[in-house]
Structure formats: structure tokens, C-alpha cells
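Asker: Here it is, the structure in full.
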Protein chains: 2
Amino acid sequence: MRQVKFWQIKPEIRILGVDDGPFEAGYRGKVPLVGAVFRGGKWLDGVMITNVEKDGMDATERLIEMLTRSRHLGQLRVLMVDGITFAGFNVLDVREVFRKTGLPAIVVSREIPVMSDIRKALKNLPRWKERWEIIKAAAKIYPVKTQREGKPIYMQPVGIKREDAERIVRLSSTRSSVPEPLRVAHLIATAIVRGESHGRV
Amino acid sequence: MRQVKFWQIKPEIRILGVDDGPFEAGYRGKVPLVGAVFRGGKWLDGVMITNVEKDGMDATERLIEMLTRSRHLGQLRVLMVDGITFAGFNVLDVREVFRKTGLPAIVVSREIPVMSDIRKALKNLPRWKERWEIIKAAAKIYPVKTQREGKPIYMQPVGIKREDAERIVRLSSTRSSVPEPLRVAHLIATAIVRGESHGRV
């Protein structure tokens, strides 16, 4: 797969962090997907919001749509997502996003995804094989230590070299072990659904 | 009026910045009111969202409700608002908010409000005298220079000493002439209505 060349990575590189809102068990309908445009790990430069169907198949299309209509796209250098399933099991095809927008992606997770568990859960859904193929195709997973102390987080770089992705994950994790673009997207998405969100659990 | 005593002002003091979303001319209905919980001018610690009626009379009630149900309230030290009219001419009674929640307020504006213009505009609305009384009662206005270069912004401190308010406005204006809690509340509120927002105009 093609990889974007980063000649240099500025400390204020524009990153789009994307996360979804929460929902109650049994919920059906739309779930907000929030993008936080962040300058490195430093400050918020803009916000984007779209909606995806709970357990639907439209996350890839909605995200591409949100990106291509965005005035931010030309300045953005990398997409960061918190896992690749949104709104339940609405699977995001980050390779397709890369092909359509030119934006490489870093999939970040706090734990190593257990593939056999994911496969099992997917089997309850329509078009489960399609979803499974996208998840299986996701890139290799690497641990990254973002803080001197504590556990590493995990990343899957798509269309970007491992070393570049690692630097971006590290430089953007200024306030916690999670990169700021994702932490802030999470705070906004949660507040949209619940009316309020909090920095610490 | 009672004033809160600030024995010290930490650089990471918790500030709630509140701003409303935009609306088209002729719009009727609810407008989002967003609160950004900020640590000084440094980072976002949470988000709150409520709704107020365009040109309605419920901004004070909605904000007090949002604050009193919030898990953030105990940690918050000061409220910052971008002017005192939201969603058109829905006037916020910051004194009432202070009485009910104990949270002093700093009303921030980019320009000096022209009272005669406001009075004239208000006259087209139901209960205009009530609105006018609240606006008239708002505290004295002071210029503050938040950047070495450029124009000052203006603030009205309510329940807080001028010097304390000035320090808080300055320490929180880390990225532009506007305090971060307000800049970020604005970015979120705009994106909720328009689907996207931008750091610079």
C-alpha cells in the first residue's frame, strides 16, 4: 500500500481525531461522530460533526463525506481514530478513506483487540463477513509508550510509516496517555449525547 | 454585591466558558448553549450542552440548571460568557447565576456594547423592559489587553474583583486575544449547528 512521505513532522501538525458518542443498550438510530482538528497536542483549531447509524454500514461513507466537504481537509496531515468500529459495529474502512481523501490514518486503541472475540460478536450482524474483511485488513498493530510511566497504547498505521505514526502519537499525547485529538473528540461526542462529559473517569 | 475572594489564582484554575451556536435570520426554535470546562488557558477538561429558545427568556434558568446538575460545579471557580445575550436576545442574568450557584462571572466582549443600540433592538421583543433591566444592571466595563500587540477586549466582572477577573482573562488567553474557554465553546457550538467550525475567520 502507498505511504505518505512526511519530510518533517511539525509539533503543530494538523491532526483530525475522530470518536463517536455513547449510546444505551438496545439503542437504535443515529450516533454522532465528532472530529476534533488539533494542532499537534496543543490546541483545538476546529470541530466537525456527522452522524452514523448504530451497527450500520455507513461510517466510511459518512467520514469521507465529512472530510471532502471540509475546509480543513487541505491542511490536515493525518487522521486518528479510536479503534475502527463506531456506533457499535459500524466498521470504518481506513484504507478506503486514505484512497478517497489522501489522508493517512493512525488507528489507536488502549488494549490489543482480540480478533476472535470481534469475529464472534460480528456474527450477530447482517453482512458480517464484509465487516470482518475490513477489520482483518487493518494494518499491523504496534505498542507505543506515550508516557514515561504506565502502560503503552496500541496503534495501526495506514498509509504512513510506523516511525512517523509513532512520533505523531507521542507528540500529541500532551495531557494523558491518549492523544489530545482523540481525548477532545471523545469529550465533545459524549456531551452531545449525555449533555455533559468529564476529563477523568 | 458580594464578591468571591480568590486567595490565589492557579494557572490551571477551572473556568467554564459559555457560548451559543449560530442561527439563520428568521430562525425560531432552540439554539445550543455550550460550556467548555477549561484548565486556565491550557486544556479542555469537559463539555456541557443545553438549549435555549431563540429570543426567549430562559437562558438564566437553563444555565443554572446545567450548572447545578453538573459534576463539574464543585471544581469550577469562575464562569466566562461571551456577552450576556444568547440566541438573539435571550438575556443571561449573571447576578442571578452567581446567587444560585456561587459562581462569579466575567462577561467578555470584543467591542464596547453600545447601550442605546441594544435598547432600540430590545424594543421589538416581548417583555423588553425586563431584558433591559438585566442588561443595565450588568457590571461596569473594563478594557483588558490580553496580547502585547493589538486591540484590548472588554470585561464586566460580577461577584469577582476587577484585578482577579483581569488576571483570569489574561492567563486564559493563550492562543488568541480571546480566552480559550470561550474560543473552544464557540468552536463546539458552531459545529453542532453547522456541522463544522474553524479557528480563524
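In the C-alpha cells, chains take letters A, B, ... by order of appearance, with residues numbered from 1 within each chain and ligands from 1 in the order shown.
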Quick check: residues of chain B within 12 Å of chain A, only C-alpha atoms, returned as a ChimeraX atom specification.
Answerer: /B:32-39,41-51,65-67,69-73,75,174-176,180-181,183-201
Asker: Could you pull out all residues of range 98-127 of chain B with a DSSP call of helix (DSSP H, G or I) and give them as a PyMOL selection string?
Answerer: chain B and resi 98-101+115-122
Asker: Save out the residues we just selected, C-alpha atoms, as a compact mmCIF listing (two decimals), in the first residue's frame.
Answerer:
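Result file is part27.txt:
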# COMPACT_ATOMS: atom_id res chain seq x y z
CA PHE B 98 -23.98 33.95 40.92
CA ARG B 99 -26.67 33.97 43.64
CA LYS B 100 -27.93 30.50 42.77
CA THR B 101 -24.62 28.74 42.09
CA MET B 115 -26.32 50.62 25.12
CA SER B 116 -28.60 52.85 23.05
CA ASP B 117 -28.43 50.39 20.12
CA ILE B 118 -29.23 47.48 22.42
CA ARG B 119 -32.18 49.31 23.93
CA LYS B 120 -33.56 50.06 20.49
CA ALA B 121 -33.26 46.44 19.32
CA LEU B 122 -34.84 45.15 22.54
Asker: Select from range 50-157 of chain B every residue with an atom at most 9 Å from any atom of range 19-22 of chain B, then for each give the shortest pair of atoms and their distance in Å to one decimal, using only C-alpha atoms, rows by chain and rising number, as CSV.
Answerer:
residue,atom,partner,partner_atom,distance
B:Asn51,CA,B:Asp20,CA,8.8
B:Val52,CA,B:Asp20,CA,8.8
B:Met80,CA,B:Asp19,CA,8.9
B:Val81,CA,B:Asp19,CA,6.4
B:Asp82,CA,B:Asp19,CA,6.0
B:Gly83,CA,B:Asp19,CA,8.7
B:Phe86,CA,B:Asp20,CA,6.1
B:Ala87,CA,B:Asp20,CA,6.4
Asker: Find the residues around Asp93 in chain B up to 7 Å (only C-alpha atoms counted), leave out those fewer than 4 positions away in its own chain, and share them as a VMD selection string.
Answerer: chain B and resid 60 97 134
Asker: Return the single residue from B:Gly88, B:Gly56, B:Leu63, B:Ile13 that is closest to Ala25 in chain B, with distances computed using only C-alpha atoms.
Answerer: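 Nearest candidate to Ala25 in chain B out of B:Gly88, B:Gly56, B:Leu63, B:Ile13: B:Gly88.
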Asker: List the neighbours of Ala105 in chain A out to 6 Å using only C-alpha atoms; skip same-chain residues closer than 4 positions along the sequence, and give me the result as a ChimeraX atom specification.
Answerer: /A:78-80,158
Asker: Could you save those same residues with C-alpha atoms as an mmCIF file, in the first residue's frame?
Answerer:
data_model
loop_
_atom_site.group_PDB
_atom_site.id
_atom_site.type_symbol
_atom_site.label_atom_id
_atom_site.label_comp_id
_atom_site.auth_asym_id
_atom_site.auth_seq_id
_atom_site.Cartn_x
_atom_site.Cartn_y
_atom_site.Cartn_z
ATOM 1 C CA VAL A 78 -3.302 12.675 9.383
ATOM 2 C CA LEU A 79 -6.479 11.062 10.688
ATOM 3 C CA MET A 80 -6.563 9.458 14.126
ATOM 4 C CA VAL A 158 -2.360 3.027 7.458
#
Asker: Pick the closest to Glu166 in chain B from B:Val108, B:Trp132, B:Pro113, B:Gly17: which is it, counting only C-alpha atoms?
Answerer: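 Closest to Glu166 in chain B of all the choices is B:Val108.
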Asker: Neighbouring residues of range 144-157 of chain A were defined as those with any atom within 9 Å, considering only C-alpha atoms; residues of the same chain fewer than 5 positions away were excluded. Please report them as a PyMOL selection string.
Answerer: chain A and resi 83+104-112+138-139+162+164-166+169-174+176-179
Asker: Just the selected residues (N, CA and C atoms), exported as a PDB file, in the first residue's frame, please.
Answerer:
ATOM      1  N   GLY A  83      -9.987   3.123  17.559  1.00  0.00           N
ATOM      2  CA  GLY A  83     -10.486   1.851  17.034  1.00  0.00           C
ATOM      3  C   GLY A  83     -11.104   2.056  15.659  1.00  0.00           C
ATOM      4  N   PRO A 104      -3.654   9.793   5.427  1.00  0.00           N
ATOM      5  CA  PRO A 104      -3.275   8.554   6.093  1.00  0.00           C
ATOM      6  C   PRO A 104      -3.904   8.497   7.482  1.00  0.00           C
ATOM      7  N   ALA A 105      -3.970   7.307   8.050  1.00  0.00           N
ATOM      8  CA  ALA A 105      -4.670   7.152   9.331  1.00  0.00           C
ATOM      9  C   ALA A 105      -3.819   6.426  10.366  1.00  0.00           C
ATOM     10  N   ILE A 106      -4.059   6.773  11.620  1.00  0.00           N
ATOM     11  CA  ILE A 106      -3.489   6.010  12.726  1.00  0.00           C
ATOM     12  C   ILE A 106      -4.664   5.541  13.582  1.00  0.00           C
ATOM     13  N   VAL A 107      -4.850   4.218  13.620  1.00  0.00           N
ATOM     14  CA  VAL A 107      -5.893   3.655  14.466  1.00  0.00           C
ATOM     15  C   VAL A 107      -5.287   3.425  15.847  1.00  0.00           C
ATOM     16  N   VAL A 108      -5.885   4.038  16.862  1.00  0.00           N
ATOM     17  CA  VAL A 108      -5.337   3.960  18.212  1.00  0.00           C
ATOM     18  C   VAL A 108      -6.278   3.133  19.094  1.00  0.00           C
ATOM     19  N   SER A 109      -5.723   2.262  19.936  1.00  0.00           N
ATOM     20  CA  SER A 109      -6.564   1.578  20.929  1.00  0.00           C
ATOM     21  C   SER A 109      -5.813   1.426  22.243  1.00  0.00           C
ATOM     22  N   ARG A 110      -6.593   1.374  23.314  1.00  0.00           N
ATOM     23  CA  ARG A 110      -5.952   1.253  24.628  1.00  0.00           C
ATOM     24  C   ARG A 110      -5.545  -0.187  24.930  1.00  0.00           C
ATOM     25  N   GLU A 111      -6.269  -1.127  24.306  1.00  0.00           N
ATOM     26  CA  GLU A 111      -5.953  -2.541  24.511  1.00  0.00           C
ATOM     27  C   GLU A 111      -5.698  -3.185  23.153  1.00  0.00           C
ATOM     28  N   ILE A 112      -4.993  -4.321  23.151  1.00  0.00           N
ATOM     29  CA  ILE A 112      -4.832  -5.068  21.902  1.00  0.00           C
ATOM     30  C   ILE A 112      -6.180  -5.703  21.568  1.00  0.00           C
ATOM     31  N   ALA A 138      -7.099  -4.449   8.395  1.00  0.00           N
ATOM     32  CA  ALA A 138      -6.464  -3.347   9.125  1.00  0.00           C
ATOM     33  C   ALA A 138      -4.995  -3.699   9.369  1.00  0.00           C
ATOM     34  N   ALA A 139      -4.197  -2.677   9.453  1.00  0.00           N
ATOM     35  CA  ALA A 139      -2.750  -2.864   9.459  1.00  0.00           C
ATOM     36  C   ALA A 139      -2.246  -3.534  10.732  1.00  0.00           C
ATOM     37  N   ARG A 162       5.558   3.427  10.158  1.00  0.00           N
ATOM     38  CA  ARG A 162       5.459   3.183  11.589  1.00  0.00           C
ATOM     39  C   ARG A 162       6.145   4.277  12.414  1.00  0.00           C
ATOM     40  N   ASP A 164       6.856   7.397  11.660  1.00  0.00           N
ATOM     41  CA  ASP A 164       6.146   8.681  11.584  1.00  0.00           C
ATOM     42  C   ASP A 164       4.892   8.643  12.467  1.00  0.00           C
ATOM     43  N   ALA A 165       4.155   7.551  12.381  1.00  0.00           N
ATOM     44  CA  ALA A 165       2.935   7.406  13.180  1.00  0.00           C
ATOM     45  C   ALA A 165       3.271   7.472  14.674  1.00  0.00           C
ATOM     46  N   GLU A 166       4.349   6.798  15.036  1.00  0.00           N
ATOM     47  CA  GLU A 166       4.775   6.759  16.431  1.00  0.00           C
ATOM     48  C   GLU A 166       5.097   8.171  16.939  1.00  0.00           C
ATOM     49  N   VAL A 169       1.806  10.106  17.377  1.00  0.00           N
ATOM     50  CA  VAL A 169       1.072   9.659  18.576  1.00  0.00           C
ATOM     51  C   VAL A 169       1.736  10.237  19.829  1.00  0.00           C
ATOM     52  N   ARG A 170       3.061  10.186  19.875  1.00  0.00           N
ATOM     53  CA  ARG A 170       3.774  10.686  21.063  1.00  0.00           C
ATOM     54  C   ARG A 170       3.627  12.193  21.224  1.00  0.00           C
ATOM     55  N   LEU A 171       3.858  12.925  20.129  1.00  0.00           N
ATOM     56  CA  LEU A 171       3.864  14.397  20.274  1.00  0.00           C
ATOM     57  C   LEU A 171       2.473  14.938  20.601  1.00  0.00           C
ATOM     58  N   SER A 172       1.431  14.174  20.261  1.00  0.00           N
ATOM     59  CA  SER A 172       0.068  14.671  20.509  1.00  0.00           C
ATOM     60  C   SER A 172      -0.508  14.217  21.851  1.00  0.00           C
ATOM     61  N   SER A 173       0.211  13.352  22.564  1.00  0.00           N
ATOM     62  CA  SER A 173      -0.281  12.872  23.872  1.00  0.00           C
ATOM     63  C   SER A 173       0.263  13.764  24.980  1.00  0.00           C
ATOM     64  N   THR A 174      -0.187  15.009  24.999  1.00  0.00           N
ATOM     65  CA  THR A 174       0.404  16.007  25.907  1.00  0.00           C
ATOM     66  C   THR A 174      -0.237  16.024  27.296  1.00  0.00           C
ATOM     67  N   SER A 176      -2.387  13.288  28.632  1.00  0.00           N
ATOM     68  CA  SER A 176      -2.676  11.962  29.176  1.00  0.00           C
ATOM     69  C   SER A 176      -2.005  10.942  28.260  1.00  0.00           C
ATOM     70  N   SER A 177      -2.257   9.675  28.477  1.00  0.00           N
ATOM     71  CA  SER A 177      -1.646   8.655  27.616  1.00  0.00           C
ATOM     72  C   SER A 177      -2.335   8.589  26.256  1.00  0.00           C
ATOM     73  N   VAL A 178      -3.484   9.262  26.125  1.00  0.00           N
ATOM     74  CA  VAL A 178      -4.250   9.265  24.875  1.00  0.00           C
ATOM     75  C   VAL A 178      -3.953  10.557  24.101  1.00  0.00           C
ATOM     76  N   PRO A 179      -3.765  10.478  22.778  1.00  0.00           N
ATOM     77  CA  PRO A 179      -3.535  11.710  22.006  1.00  0.00           C
ATOM     78  C   PRO A 179      -4.679  12.714  22.195  1.00  0.00           C
TER      79      PRO A 179
END
Asker: Could you tell me which of B:Arg95, B:Lys123, B:Lys10, B:Lys54 comes closest to Ile168 in chain B if we count only C-alpha atoms?
Answerer: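 When distances to Ile168 in chain B are compared using only C-alpha atoms, the smallest one comes from B:Lys10.
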Asker: To one decimal place, how far is CA of Ala59 in chain B from CA of Ala137 in chain B in Å?
Answerer: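 Between these atoms lies a distance of 16.3 Å.
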Asker: Taking 3 positions as the minimum chain separation for residues in the same chain, which residues sit within 12 Å of Gln8 in chain B when counting only C-alpha atoms? Answer as an mmCIF file with C-alpha atoms, in the first residue's frame.
Answerer:
data_model
loop_
_atom_site.group_PDB
_atom_site.id
_atom_site.type_symbol
_atom_site.label_atom_id
_atom_site.label_comp_id
_atom_site.auth_asym_id
_atom_site.auth_seq_id
_atom_site.Cartn_x
_atom_site.Cartn_y
_atom_site.Cartn_z
ATOM 1 C CA VAL B 4 -15.768 35.904 45.927
ATOM 2 C CA LYS B 5 -12.307 36.111 47.481
ATOM 3 C CA PRO B 11 -2.614 28.856 36.291
ATOM 4 C CA GLU B 12 -4.853 25.801 35.937
ATOM 5 C CA ILE B 13 -7.954 27.332 37.555
ATOM 6 C CA ARG B 77 -14.128 28.772 40.086
ATOM 7 C CA GLU B 163 -7.947 42.638 39.378
ATOM 8 C CA ASP B 164 -8.807 38.964 39.819
ATOM 9 C CA ARG B 167 -5.694 38.069 35.748
ATOM 10 C CA ILE B 168 -8.033 35.237 34.780
#
Asker: So, with only C-alpha atoms as the atoms that count, which of A:Leu103, A:Leu125, A:Val31, A:Leu92 lies closest to Leu16 in chain A?
Answerer: A:Leu103
Asker: Would you mind reading off the distance between CA of Trp128 in chain B and CA of Asp58 in chain B, one decimal, in Å?
Answerer: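 Taking CA of Trp128 in chain B and CA of Asp58 in chain B, their separation equals 13.9 Å.
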Asker: Give the answer as one residue: which of B:Lys30, B:Lys140, B:Lys129, B:Arg2 has the shortest atom-to-atom distance to Gly159 in chain B, using only C-alpha atoms?
Answerer: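 Of B:Lys30, B:Lys140, B:Lys129, B:Arg2, the one nearest Gly159 in chain B, counting only C-alpha atoms, is B:Arg2.
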